[in-house]
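These notes are about the structure you will find just below.
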Amino acid sequence: MARKLLLENAHIEGIHTYDVYRKNGGYRSVEKALKTMSPEDVVEEVKKSGLRGRGGAGFPTGMKWSFIAKPEGVPRHLLCNADESEPGTFKDRYLMEKIPHLLIEGMILSSFALGANQSYIYIRGEYMYVLRILEKAIAEAYANGWLGKNILGSGFDLDLSVTPGAGAYICGEETALIESLEGKRGNPRMKPPFPAVKGLWQRPTVVNNVETIAAVVPIVNEGGDAYAQIGIGRSTGTKLISASGNINKPGVYEIEMNISVEEFIYSDTYCGGIKNGKKLKACVPGGSSVPILPHYLVCKTAAGQDRLMTYESLADGGFATGSMLGSGGFIVYDEDQCIVRNTWNFTRFYHHESCGQCSPCREGTGWMEKVLHRLEYGHGKMEDIDLLWDIQRKIEGNTICPLGDAAAWPVAAAIRHFREEFEWHVKEPKACMERNYGLVAEKTFEPATA
Amino acid sequence: MAEQTEKINVTIDGKTIAVDPGTTILNAARIIGGDVVPPAMCYYSSLKGSGGKCRTCLVEVSKGSEKDPRPMPKLVASCSTPVMDGMEVKNKTSERVNDARHGVVEFLLINHPLDCPICDQAGECHLQDLAFEHGLEKTRYEFKRRTFDKIDIGEYIKLHMTRCILCYRCVYTADQLTNQREHGVMKRGDAAEISTYIQNALDNDFIGNVIDVCPVGALTDKTFRFRSRVWYTKPMDAHRDCKKCSGKAVAWMIGDEIARITARKDQFGEVKEFICNECRFDKKEKTDWVIEGPRHIDRHSVISANKYEDPIPEHTPLLNKA
Ligand SMILES: Cc1cc2nc3c(=O)[nH]c(=O)nc-3n(C[C@H](O)[C@H](O)[C@H](O)COP(=O)(O)O)c2cc1C
Ligand code: SF4
Ligand code: SF4
Ligand code: FES
């Protein structure tokens, strides 16, 4: 049976309350860290653990922490990114709802490691009921001496609060989050300066995902080396996957990063196979921003190896034949799903969520949505496919923040792997309104081409 | 690290120049001058925080620096990227830059009304110039263009949001030149719009400058609207004694009458000395001003083409053909 480090106790009745959480070993790591470790020791354990950011980019957390500037007399801040708005991703909500104290425990450890005395959880506005759960848990933590002044007599002070966003995906981008937290319009900032140097109120700041921060608890409890034992290569530890789509058992799963994609989709421990005995058509393995994979590239890489649920394996083949682990939003499509419709739907989202600061993203996302809509509803032209390709190409890499790339990649991947299906929409305008295209034919790849 | 006073070398399109550390690629290019200068639709040197948004100034950094010669993987906004010693930059000489810039111009135009024939800004519009130099002749956009209602913001200024390219210059101007923050951006994405707090009148001594910083015809001078095409007016340097501002302006004349007053713009279309509302809107008599003489307009622009001098020789045949 796979080990669970985060959700092990999630099923226990009343675990969201302080007493039950504490009885089940909660806040042990804080005792250990504050009584026996220095902040540098905690950073060192996190480095040893190989933990990588769970918010999407997978940047090594220990390294990120060691970049934080430490000018004399300037406060530093830790911000928890609980904006979770990427379509297909709902793991942070599950964690905060079920075991809010785990996040608080992680926040104490991480703030201690960074020398932050005022930390914030920025939560998406739609999660208002989760905010209430967190607020209750924070009040309990204060009441029991885990937050506030001189925690456990260690001399370390920490204040923690939760702030809701107002319903914008872009506020999950770390600098937009900071602007929003400062009470401004959530436009991403230009980098440099990076938040590690000038973040919240121009002070050194680290932004980490909910799951990243929660993972620090088992790392401190069991040691970075033990954590690094789990997983393969540079994908260490466990990862929460939000599984959705045409599967028998949608939900949040904690996996050790060593299982295969095939096992994850078909085993009864996880997704339980494709619903209604249908065939797999495609999979978006890491949230709506990452490239979609056609069925023949989901369980195997282009080189014919088993694809694993790891950062490296999911990215194997680059964008030509691979994708990304991203935020772990794992969306499965059966043979009845329409790729053009799905691409249109994703693009509609990015169009709606663009902050509008830079021209390629502001104008390009809307344009792509309109062209995709036309294709999906049987009014498209053959040139539309190349036009879409050209628009996404001119957005990608040319914007202030990665939302532009996030909008471009799904369109590029859909055309790359499902071009025939787009063409079919043009050639069969009536049929495409009545039925779906079905499976795509398997392509063979020259082993050498990237 | 180089000393603050020590100059560093940067090469743009093969031309090398020594500049102070901290200088942006765009400003280094402006010192070199000529066609190594990338177009800039949102950056405005006197407005803090401006730049980075329009992406017209993207350039390719083919060598990062002497210390770290690796090229930068992505194109960078030259207005907000500082130069490094030994950096090599490609502007006009980069295919990637030309391609991306074509894209940006197209993006800026897809929702633009293209109503130049009835727009007051025509002739001195940076978007017109940009499209002229970098745009395509045809649009690939076949959908309804975005429109907004025109609004009066205050007694003197008309906001025609449909023409706006969201460069944020007017927002920074209102923020930094006036003491009330009541002008900003509402909504997001391509629905974003410049707005004033519940359409509050922008009545502030320096708010008129938003008209001058606007690169397009989104903010226009109500005291001049539709009076004349700008190329029928004669720009004259003029000054007056003013308690609020420098009093240095340009009087745009029709015959003996002053049709419009603006601040003075440099060769990159930027105002260096902002003027007050009184000078701009209330002093329209010739007796209010000391007229110094004709103003030299040396910007690459439609207004100066075929008129004052030959600013873009390589384009003159095009103009003649048209
Ligand atoms: C448009 C956009 C939206 C994002 N949304 C989120 C989000 O909801 N949650 C999150 O943790 N990271 C999000 N990110 C990534 C953050 O910018 C940042 O990389 C992350 O919070 C860092 O945490 P980590 O290192 O722990 O992964 C988003 C990035 C972009 C560009
Ligand atoms: S890429 Fe899009 S979301 Fe990001 S800053 Fe530019 S317009 Fe805003
Ligand atoms: S109104 Fe003019 S100055 Fe203001 S953002 Fe729009 S284009 Fe820029
Ligand atoms: S001038 Fe540099 S991005 Fe607009």
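Naming scheme: A, B, ... for chains in displayed order of the structure tokens; residues 1 onward per chain; ligands 1 onward as shown.
Neighbours of ligand 3 at a cut-off of 6 Å, computed so that only C-alpha atoms and all ligand atoms are counted, are the residues Cys164, Ile165, Leu166, Cys167, Tyr168, Arg169, Cys170, Val213, Cys214, Pro215, Val216, Ala218 and Leu219 of chain B.
Within 10 Å of Ile291 (chain B), once only C-alpha atoms are used and residues closer than 6 positions along the same chain are dropped, the contacting residues are Met236, Asp237, Ala238, His239, Arg240, Ala249, Val250 and Ala251 of chain B.
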Counting only C-alpha atoms and all ligand atoms, what residues are within 10 Å of ligand 4, given as a count of residues only? 34
What's around Gly231 (chain A) at 12 Å? Count only C-alpha atoms, leave out sequence neighbours fewer than 2 positions away in its own chain, and write the answer as a PyMOL selection string. chain A and resi 2-3+49-51+225-229+233-239+255-260+308-313
For the residues selected in the previous step, produce a file with C-alpha atoms as a CSV table (one decimal), in the first residue's frame.
```
chain,number,residue,atom,x,y,z
A,2,ALA,CA,1.3,3.4,-1.0
A,3,ARG,CA,2.4,5.7,1.8
A,49,SER,CA,14.1,16.3,0.7
A,50,GLY,CA,14.3,17.4,-2.9
A,51,LEU,CA,10.8,18.9,-2.5
A,225,ASP,CA,16.5,12.1,3.6
A,226,ALA,CA,13.6,9.8,4.4
A,227,TYR,CA,11.3,12.0,2.3
A,228,ALA,CA,13.8,11.8,-0.6
A,229,GLN,CA,13.7,8.0,-0.4
A,233,GLY,CA,15.0,10.8,-9.6
A,234,ARG,CA,14.2,14.5,-9.0
A,235,SER,CA,10.6,13.7,-8.3
A,236,THR,CA,10.7,13.0,-4.6
A,237,GLY,CA,8.0,12.4,-2.1
A,238,THR,CA,4.3,12.2,-2.6
A,239,LYS,CA,2.1,14.4,-4.8
A,255,ILE,CA,0.5,9.2,-4.9
A,256,GLU,CA,4.1,8.3,-4.4
A,257,MET,CA,5.9,9.6,-7.4
A,258,ASN,CA,7.0,6.3,-8.7
A,259,ILE,CA,3.8,4.8,-10.1
A,260,SER,CA,3.0,4.6,-13.8
A,308,LEU,CA,5.4,7.5,-14.9
A,309,MET,CA,3.6,10.0,-12.7
A,310,THR,CA,6.8,12.1,-12.2
A,311,TYR,CA,8.0,15.5,-13.3
A,312,GLU,CA,10.6,14.0,-15.7
A,313,SER,CA,8.6,11.2,-17.2
```
Could you list, with a cut-off of 7 Å and counting only C-alpha atoms, the residues of chain B near chain A, each shown with its nearest atom pair and the distance in Å rounded to one decimal, rows sorted by chain and ascending number, as JSON lines?
```
{"residue": "B:Lys53", "atom": "CA", "partner": "A:Cys358", "partner_atom": "CA", "distance": 4.4}
{"residue": "B:Cys54", "atom": "CA", "partner": "A:Cys358", "partner_atom": "CA", "distance": 5.3}
{"residue": "B:Arg55", "atom": "CA", "partner": "A:Cys358", "partner_atom": "CA", "distance": 6.8}
{"residue": "B:Lys74", "atom": "CA", "partner": "A:Gly397", "partner_atom": "CA", "distance": 6.0}
{"residue": "B:Leu75", "atom": "CA", "partner": "A:Asn398", "partner_atom": "CA", "distance": 6.7}
{"residue": "B:Ala100", "atom": "CA", "partner": "A:Lys394", "partner_atom": "CA", "distance": 6.0}
{"residue": "B:Gly103", "atom": "CA", "partner": "A:Lys394", "partner_atom": "CA", "distance": 5.8}
{"residue": "B:Val104", "atom": "CA", "partner": "A:Pro360", "partner_atom": "CA", "distance": 6.1}
{"residue": "B:Phe107", "atom": "CA", "partner": "A:Glu363", "partner_atom": "CA", "distance": 5.5}
{"residue": "B:Leu108", "atom": "CA", "partner": "A:Ser359", "partner_atom": "CA", "distance": 6.3}
{"residue": "B:Arg188", "atom": "CA", "partner": "A:Cys355", "partner_atom": "CA", "distance": 4.8}
{"residue": "B:Gly189", "atom": "CA", "partner": "A:Gly356", "partner_atom": "CA", "distance": 3.6}
{"residue": "B:Asp190", "atom": "CA", "partner": "A:Arg362", "partner_atom": "CA", "distance": 5.3}
{"residue": "B:Ala192", "atom": "CA", "partner": "A:Gly356", "partner_atom": "CA", "distance": 6.4}
```
Same residues, N, CA, C and O atoms, output as a CSV table (one decimal), in the first residue's frame:
```
chain,number,residue,atom,x,y,z
B,53,LYS,N,4.4,46.7,-21.0
B,53,LYS,CA,3.0,46.2,-21.3
B,53,LYS,C,2.7,46.0,-22.8
B,53,LYS,O,2.2,44.9,-23.1
B,54,CYS,N,3.1,46.9,-23.6
B,54,CYS,CA,2.6,46.8,-25.0
B,54,CYS,C,3.4,45.8,-25.8
B,54,CYS,O,2.9,45.2,-26.7
B,55,ARG,N,4.6,45.5,-25.4
B,55,ARG,CA,5.5,44.5,-26.1
B,55,ARG,C,5.9,44.9,-27.5
B,55,ARG,O,6.4,44.0,-28.2
B,74,LYS,N,14.2,34.0,-24.2
B,74,LYS,CA,13.0,34.7,-24.7
B,74,LYS,C,13.4,36.1,-25.2
B,74,LYS,O,14.4,36.7,-24.8
B,75,LEU,N,12.5,36.7,-26.1
B,75,LEU,CA,12.7,38.1,-26.4
B,75,LEU,C,12.4,38.9,-25.1
B,75,LEU,O,11.6,38.5,-24.3
B,100,ALA,N,7.8,38.8,-34.1
B,100,ALA,CA,7.0,39.1,-32.9
B,100,ALA,C,6.4,40.5,-33.0
B,100,ALA,O,5.3,40.7,-32.5
B,103,GLY,N,3.4,40.6,-34.9
B,103,GLY,CA,2.4,40.0,-34.1
B,103,GLY,C,1.8,41.0,-33.2
B,103,GLY,O,0.5,41.2,-33.1
B,104,VAL,N,2.6,41.8,-32.5
B,104,VAL,CA,2.1,42.7,-31.5
B,104,VAL,C,1.3,43.8,-32.2
B,104,VAL,O,0.2,44.2,-31.8
B,107,PHE,N,-2.0,42.4,-33.0
B,107,PHE,CA,-2.8,42.4,-31.8
B,107,PHE,C,-3.4,43.7,-31.4
B,107,PHE,O,-4.5,43.8,-31.0
B,108,LEU,N,-2.5,44.8,-31.5
B,108,LEU,CA,-3.0,46.1,-31.2
B,108,LEU,C,-4.1,46.6,-32.1
B,108,LEU,O,-4.9,47.4,-31.7
B,188,ARG,N,-11.0,43.5,-16.7
B,188,ARG,CA,-9.8,42.9,-17.1
B,188,ARG,C,-9.8,42.3,-18.5
B,188,ARG,O,-10.8,42.4,-19.1
B,189,GLY,N,-8.6,41.8,-18.9
B,189,GLY,CA,-8.5,41.3,-20.3
B,189,GLY,C,-8.9,42.3,-21.3
B,189,GLY,O,-8.7,43.5,-21.2
B,190,ASP,N,-9.6,41.8,-22.4
B,190,ASP,CA,-9.9,42.7,-23.4
B,190,ASP,C,-11.2,43.5,-23.1
B,190,ASP,O,-11.7,44.3,-23.9
B,192,ALA,N,-11.1,45.3,-20.3
B,192,ALA,CA,-10.5,46.3,-19.4
B,192,ALA,C,-10.7,47.7,-20.0
B,192,ALA,O,-10.7,47.9,-21.2
```
Selection: 10 Å around Thr61 (chain A), only C-alpha atoms, excl. self and same-chain fewer than 5 positions, as a list in words: Val43, Val46, Lys47, Ser49, Gly50, Leu51, Arg52, Gly53, Arg54, Ser66, Val206, Asn208, Thr212, Ile213 and Val216 of chain A
Expected file: the selected residues, all heavy atoms, as a short mmCIF file (atom, residue, chain, number, x, y, z; two decimals), in the first residue's frame:
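again_21.cif was written with the following content:
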```cif
data_model
loop_
_atom_site.label_atom_id
_atom_site.label_comp_id
_atom_site.auth_asym_id
_atom_site.auth_seq_id
_atom_site.Cartn_x
_atom_site.Cartn_y
_atom_site.Cartn_z
N VAL A 43 15.72 24.66 6.62
CA VAL A 43 15.99 24.87 5.18
C VAL A 43 16.81 23.69 4.64
O VAL A 43 16.54 23.16 3.56
CB VAL A 43 16.75 26.20 4.94
CG1 VAL A 43 17.11 26.35 3.46
CG2 VAL A 43 15.93 27.39 5.41
N VAL A 46 14.73 20.63 4.06
CA VAL A 46 13.88 20.80 2.88
C VAL A 46 14.72 20.64 1.60
O VAL A 46 14.30 20.02 0.62
CB VAL A 46 13.15 22.16 2.90
CG1 VAL A 46 12.44 22.43 1.58
CG2 VAL A 46 12.14 22.20 4.04
N LYS A 47 15.96 21.14 1.65
CA LYS A 47 16.84 20.96 0.50
C LYS A 47 17.12 19.48 0.28
O LYS A 47 17.06 18.97 -0.84
CB LYS A 47 18.17 21.68 0.74
CG LYS A 47 18.14 23.15 0.34
CD LYS A 47 19.55 23.71 0.38
CE LYS A 47 19.57 25.16 -0.05
NZ LYS A 47 20.79 25.84 0.37
N SER A 49 15.34 17.03 1.10
CA SER A 49 14.14 16.28 0.71
C SER A 49 13.92 16.30 -0.79
O SER A 49 13.22 15.46 -1.34
CB SER A 49 12.91 16.88 1.39
OG SER A 49 12.56 18.11 0.75
N GLY A 50 14.49 17.29 -1.46
CA GLY A 50 14.28 17.40 -2.91
C GLY A 50 12.89 17.92 -3.26
O GLY A 50 12.48 17.88 -4.42
N LEU A 51 12.16 18.41 -2.26
CA LEU A 51 10.79 18.92 -2.49
C LEU A 51 10.78 19.98 -3.58
O LEU A 51 11.59 20.90 -3.56
CB LEU A 51 10.23 19.51 -1.18
CG LEU A 51 8.85 20.18 -1.26
CD1 LEU A 51 7.76 19.16 -1.58
CD2 LEU A 51 8.54 20.93 0.04
N ARG A 52 9.87 19.80 -4.52
CA ARG A 52 9.70 20.80 -5.58
C ARG A 52 8.34 21.43 -5.48
O ARG A 52 7.37 20.79 -5.07
CB ARG A 52 9.90 20.13 -6.95
CG ARG A 52 11.36 19.71 -7.15
CD ARG A 52 11.53 18.80 -8.33
NE ARG A 52 11.26 19.47 -9.59
CZ ARG A 52 11.41 18.89 -10.78
NH1 ARG A 52 11.84 17.64 -10.86
NH2 ARG A 52 11.17 19.55 -11.88
N GLY A 53 8.25 22.71 -5.87
CA GLY A 53 7.00 23.48 -5.74
C GLY A 53 5.83 22.74 -6.36
O GLY A 53 5.91 22.26 -7.48
N ARG A 54 4.74 22.66 -5.60
CA ARG A 54 3.56 21.91 -6.07
C ARG A 54 2.55 22.82 -6.76
O ARG A 54 1.45 22.39 -7.08
CB ARG A 54 2.90 21.21 -4.89
CG ARG A 54 3.82 20.28 -4.08
CD ARG A 54 4.30 19.09 -4.91
NE ARG A 54 4.86 18.04 -4.05
CZ ARG A 54 6.00 17.41 -4.31
NH1 ARG A 54 6.71 17.72 -5.37
NH2 ARG A 54 6.43 16.45 -3.51
N SER A 66 16.46 29.56 -0.07
CA SER A 66 17.81 30.08 0.19
C SER A 66 18.10 31.35 -0.62
O SER A 66 19.05 32.06 -0.36
CB SER A 66 18.87 29.01 -0.07
OG SER A 66 18.79 28.58 -1.40
N VAL A 206 8.55 35.04 0.08
CA VAL A 206 8.46 33.75 -0.61
C VAL A 206 6.99 33.41 -0.77
O VAL A 206 6.20 33.56 0.17
CB VAL A 206 9.18 32.64 0.19
CG1 VAL A 206 8.77 31.27 -0.31
CG2 VAL A 206 10.69 32.80 0.08
N ASN A 208 4.58 30.25 -1.74
CA ASN A 208 4.55 28.80 -1.94
C ASN A 208 3.12 28.30 -1.99
O ASN A 208 2.23 28.84 -1.35
CB ASN A 208 5.28 28.06 -0.82
CG ASN A 208 6.77 27.90 -1.07
OD1 ASN A 208 7.59 28.17 -0.21
ND2 ASN A 208 7.13 27.48 -2.27
N THR A 212 2.90 22.46 -1.11
CA THR A 212 4.34 22.58 -0.84
C THR A 212 4.56 22.81 0.65
O THR A 212 5.40 22.17 1.28
CB THR A 212 4.92 23.79 -1.60
OG1 THR A 212 4.46 23.77 -2.95
CG2 THR A 212 6.44 23.79 -1.58
N ILE A 213 3.78 23.75 1.20
CA ILE A 213 3.96 24.12 2.61
C ILE A 213 3.56 22.97 3.52
O ILE A 213 4.23 22.67 4.51
CB ILE A 213 3.16 25.41 2.91
CG1 ILE A 213 3.84 26.58 2.18
CG2 ILE A 213 3.09 25.68 4.40
CD1 ILE A 213 3.06 27.86 2.16
N VAL A 216 6.17 20.26 4.14
CA VAL A 216 7.29 20.54 5.04
C VAL A 216 7.08 19.82 6.39
O VAL A 216 8.04 19.45 7.07
CB VAL A 216 7.46 22.06 5.25
CG1 VAL A 216 8.61 22.36 6.21
CG2 VAL A 216 7.73 22.74 3.90
#
```
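Relative to CA of Leu147 (chain A), CA of Glu182 (chain A) is found at 22.7 Å.
A distance cut-off of 6 Å from ligand 1, applied to only C-alpha atoms and all ligand atoms, picks out the residues Gly53, Arg54, Gly55, Gly56, Ala57, Gly58, Phe59, Thr61, Asn81, Ala82, Asp83, Glu84, Ser85, Tyr169, Ile170, Gly172, Glu173, Glu174, Val207, Asn208, Asn209, Thr212, Cys401, Pro402 and Leu403 of chain A.
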For the selection you just gave me, I'd like the residues written to a file as a short mmCIF file (atom, residue, chain, number, x, y, z; two decimals), in the first residue's frame, keeping N, CA, C and O atoms.
```
data_model
loop_
_atom_site.label_atom_id
_atom_site.label_comp_id
_atom_site.auth_asym_id
_atom_site.auth_seq_id
_atom_site.Cartn_x
_atom_site.Cartn_y
_atom_site.Cartn_z
N GLY A 53 8.25 22.71 -5.87
CA GLY A 53 7.00 23.48 -5.74
C GLY A 53 5.83 22.74 -6.36
O GLY A 53 5.91 22.26 -7.48
N ARG A 54 4.74 22.66 -5.60
CA ARG A 54 3.56 21.91 -6.07
C ARG A 54 2.55 22.82 -6.76
O ARG A 54 1.45 22.39 -7.08
N GLY A 55 2.91 24.09 -6.96
CA GLY A 55 1.96 25.04 -7.55
C GLY A 55 1.91 24.96 -9.07
O GLY A 55 1.02 25.50 -9.71
N GLY A 56 2.89 24.30 -9.67
CA GLY A 56 2.84 24.16 -11.13
C GLY A 56 4.22 24.14 -11.77
O GLY A 56 4.51 23.35 -12.66
N ALA A 57 5.10 25.02 -11.29
CA ALA A 57 6.38 25.14 -11.99
C ALA A 57 7.41 24.11 -11.51
O ALA A 57 8.38 23.82 -12.21
N GLY A 58 7.22 23.56 -10.32
CA GLY A 58 8.13 22.51 -9.84
C GLY A 58 9.52 22.99 -9.48
O GLY A 58 10.49 22.24 -9.57
N PHE A 59 9.63 24.23 -9.05
CA PHE A 59 10.94 24.76 -8.67
C PHE A 59 11.35 24.23 -7.29
O PHE A 59 10.53 24.19 -6.38
N THR A 61 12.06 23.77 -3.70
CA THR A 61 11.64 24.68 -2.63
C THR A 61 12.81 25.15 -1.75
O THR A 61 12.89 26.33 -1.42
N ASN A 81 0.04 30.38 -1.30
CA ASN A 81 -0.80 30.55 -2.48
C ASN A 81 -1.91 29.51 -2.47
O ASN A 81 -1.70 28.35 -2.79
N ALA A 82 -3.09 29.94 -2.04
CA ALA A 82 -4.26 29.04 -2.03
C ALA A 82 -5.29 29.56 -3.01
O ALA A 82 -6.49 29.45 -2.81
N ASP A 83 -4.80 30.13 -4.11
CA ASP A 83 -5.71 30.71 -5.10
C ASP A 83 -6.30 29.64 -6.02
O ASP A 83 -7.29 29.86 -6.69
N GLU A 84 -5.66 28.50 -6.04
CA GLU A 84 -6.10 27.32 -6.82
C GLU A 84 -7.25 27.56 -7.80
O GLU A 84 -8.41 27.29 -7.48
N SER A 85 -6.92 28.06 -8.97
CA SER A 85 -7.97 28.33 -9.96
C SER A 85 -7.73 27.65 -11.28
O SER A 85 -8.48 27.86 -12.23
N TYR A 169 -8.26 34.28 -11.57
CA TYR A 169 -7.22 33.26 -11.74
C TYR A 169 -5.84 33.89 -11.71
O TYR A 169 -4.89 33.34 -11.14
N ILE A 170 -5.73 35.07 -12.29
CA ILE A 170 -4.41 35.70 -12.42
C ILE A 170 -3.81 35.99 -11.04
O ILE A 170 -2.59 36.05 -10.89
N GLY A 172 -3.37 34.08 -8.81
CA GLY A 172 -2.54 32.95 -8.40
C GLY A 172 -1.11 33.11 -8.88
O GLY A 172 -0.21 32.43 -8.39
N GLU A 173 -0.88 33.99 -9.84
CA GLU A 173 0.49 34.28 -10.27
C GLU A 173 1.11 35.07 -9.12
O GLU A 173 0.50 36.00 -8.59
N GLU A 174 2.32 34.70 -8.73
CA GLU A 174 2.80 35.18 -7.43
C GLU A 174 2.87 36.70 -7.29
O GLU A 174 2.56 37.23 -6.23
N VAL A 207 6.62 32.99 -1.98
CA VAL A 207 5.26 32.52 -2.24
C VAL A 207 5.35 31.02 -2.49
O VAL A 207 6.13 30.57 -3.34
N ASN A 208 4.58 30.25 -1.74
CA ASN A 208 4.55 28.80 -1.94
C ASN A 208 3.12 28.30 -1.99
O ASN A 208 2.23 28.84 -1.35
N ASN A 209 2.96 27.22 -2.72
CA ASN A 209 1.67 26.57 -2.84
C ASN A 209 1.28 25.88 -1.53
O ASN A 209 2.14 25.50 -0.72
N THR A 212 2.90 22.46 -1.11
CA THR A 212 4.34 22.58 -0.84
C THR A 212 4.56 22.81 0.65
O THR A 212 5.40 22.17 1.28
N CYS A 401 3.69 37.72 -17.98
CA CYS A 401 3.61 36.61 -17.03
C CYS A 401 3.30 35.33 -17.80
O CYS A 401 2.95 35.37 -18.97
N PRO A 402 3.39 34.19 -17.14
CA PRO A 402 3.19 32.93 -17.87
C PRO A 402 1.74 32.63 -18.25
O PRO A 402 1.49 31.59 -18.85
N LEU A 403 0.78 33.49 -17.93
CA LEU A 403 -0.58 33.20 -18.37
C LEU A 403 -0.65 33.17 -19.90
O LEU A 403 -1.40 32.39 -20.48
#
```
In Å to one decimal, how far is CA of Arg295 (chain B) from CA of Ile258 (chain B)? 14.2 Å
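The closest residue to Leu152 (chain A), picked from A:Ala33, A:Pro250, A:Pro291, A:Met368 and counting only C-alpha atoms, is A:Ala33.
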Could you please write out, as a VMD selection string, every residue of region 10-230 of chain B that DSSP assigns to helix (DSSP H, G or I)? chain B and resid 25 to 32 34 to 36 78 to 80 95 to 110 116 to 118 126 to 134 161 to 163 169 to 177 189 to 191 197 to 199 209 to 213 230
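CA of Val130 (chain A) to CA of Ser289 (chain A) spans 24.8 Å [interatomic distance, one decimal].
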Could you list, as a ChimeraX atom specification, every residue within 12 Å of Phe264 (chain A), counting only C-alpha atoms and ignoring same-chain residues fewer than 3 positions away? /A:241-243,247-250,252-261,267-274,285,298-299,307-310,330-332
Extract, using only C-alpha atoms, all DNA, RNA and protein residues at most 7 Å from Pro71 (chain B), discarding same-chain residues fewer than 2 positions from it, and format them as a list in words. Val61, Ser62, Lys63, Gly64, Pro69 and Pro73 of chain B
Using DSSP secondary structure from the backbone, list all strand (DSSP E) positions within region 63-294 of chain B, as a PyMOL selection string. chain B and resi 63+76-77+87-90+151-153+157-159+183-186+193-196+219-221+234-239+248-254+257-262+290-294
Near-Cys125 (chain B) list (12 Å; only C-alpha atoms; drop same-chain fewer than 5 positions) as a ChimeraX atom specification: /B:41,114-116,119-120,130-132,163-165,211-220,230-231,269,299-304
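Compared by their closest atoms to ligand 2, and using only C-alpha atoms and all ligand atoms, the residues A:Ala406, A:Ala215, A:Leu293, A:Val440 rank with A:Ala406 nearest.
Distances from A:Asn150, A:Thr175, A:Ser288, A:Thr163 to ligand 2 were compared using only C-alpha atoms and all ligand atoms, and the smallest one belongs to A:Thr175.
Across A:Ile108, A:Ala10, A:Ile339, A:Cys432, the tightest approach to Ser29 (chain A) is made by A:Ile108 when counting only C-alpha atoms.
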